[in-house]
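Structure, as structure tokens:
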Amino acid sequence: MMRRTLTALAFALAAFSCSGARSEGLDTSKIPDDLRSDYQLFTTKCSKCHSLARPLSSNITDDDQWVMYVNRMRRQPGSGISYDDQAHILRFLKWYAADLRRIQEEKRSGGAPSASASASASASAPAPASAPASPPSPPPAPPSPPAVDAQDGGP
């Protein structure tokens with residue numbers, strides 16, 4: 001009886017994971033069709049060494065940072081990531097970072113996409129307008145007088 005229950009549970013989990021609707025919190029239905037194969041390669045190669053949540057929850061929004069990250073992963077022994085794989089994985093991650101920047105911008109602007117977010121998906125989001133302005137910094141202190149050498153009385 002216990003074995004049958006475990007088998008049924010295993011099949012249910014397999015069916016859920018193969019449905020393609022969600023993958024570790026990522027709604028795969030939102031991935032553009034031309035990036036689906038890149039995403040599939042990402043899931044295959046990157047999940048060999050760590051969960052997909054690791055890169056996807058890293059909040060990396062800078063394309064150059066993704067290049068360094070994936071290049072480091074490619075060099076790991078046993079990763080199986082070729083230079084060609086790296087290019088496809090980066091294409092997906094750069095789209096993901098641009099989408100993350102868009103979402104962050106929408107949150108900052110109260111839910112409405114701003115002109116800057118729609119004008120350029122690759123630009124970093126500006127600081128929120130509601131952030132409190134920092135008080136002006138005090139003027140710098142005047143320079144201290146030069147030290148006097150005790151032996152000759154001069155600096």
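In the structure tokens, chains take letters A, B, ... by order of appearance, with residues numbered from 1 within each chain and ligands from 1 in the order shown.
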Fill in: Who sits within 9 Å of Asp85 (chain A), only C-alpha atoms, same chain under 5 positions skipped, as a PyMOL selection string
chain A and resi 38+41-42+45+74+80+90
Since we have the selection now, will you write its residues out, keeping N, CA, C and O atoms, as a CSV table (one decimal), in the first residue's frame?
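What landed in out07.csv:
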```csv
chain,number,residue,atom,x,y,z
A,38,ASP,N,16.4,28.4,-25.6
A,38,ASP,CA,17.4,28.9,-24.7
A,38,ASP,C,17.1,28.6,-23.3
A,38,ASP,O,18.0,28.2,-22.5
A,41,LEU,N,17.7,24.9,-22.6
A,41,LEU,CA,19.1,24.7,-22.4
A,41,LEU,C,19.6,25.2,-21.0
A,41,LEU,O,20.4,24.5,-20.4
A,42,PHE,N,19.2,26.3,-20.6
A,42,PHE,CA,19.5,26.9,-19.3
A,42,PHE,C,19.1,25.9,-18.2
A,42,PHE,O,19.9,25.6,-17.3
A,45,LYS,N,21.4,22.6,-18.5
A,45,LYS,CA,22.8,22.7,-18.1
A,45,LYS,C,23.0,23.2,-16.7
A,45,LYS,O,23.8,22.7,-15.9
A,74,ARG,N,30.6,28.1,-16.7
A,74,ARG,CA,31.0,27.3,-17.9
A,74,ARG,C,32.4,26.6,-17.5
A,74,ARG,O,32.7,25.5,-17.9
A,80,GLY,N,29.6,21.0,-18.5
A,80,GLY,CA,29.1,20.6,-19.9
A,80,GLY,C,28.6,21.8,-20.7
A,80,GLY,O,28.0,21.6,-21.7
A,90,LEU,N,23.0,32.9,-22.0
A,90,LEU,CA,23.0,34.3,-21.8
A,90,LEU,C,21.9,35.1,-22.5
A,90,LEU,O,21.4,36.1,-22.0
```
Worksheet item: Expressed in Å to a single decimal, how great is the separation between CA of Lys94 (chain A) and CA of Thr61 (chain A)?
Response: 8.0 Å
Fill in: CA of Tyr39 (chain A) to CA of Gly78 (chain A), straight-line distance in Å
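Computed distance, CA of Gly78 (chain A) to CA of Tyr39 (chain A), equals 19.8 Å.
Using only C-alpha atoms, the residues found no farther than 8 Å from Leu35 (chain A), other than those of its own chain fewer than 4 positions away, are Ile31, Tyr39, Arg91 and Phe92 of chain A.
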Discussion item. Could you list, as a PyMOL selection string, every residue within 12 Å of Ala97 (chain A), counting only C-alpha atoms and ignoring same-chain residues fewer than 2 positions away?
Written reply: chain A and resi 55-67+90-95+99-104+121-125
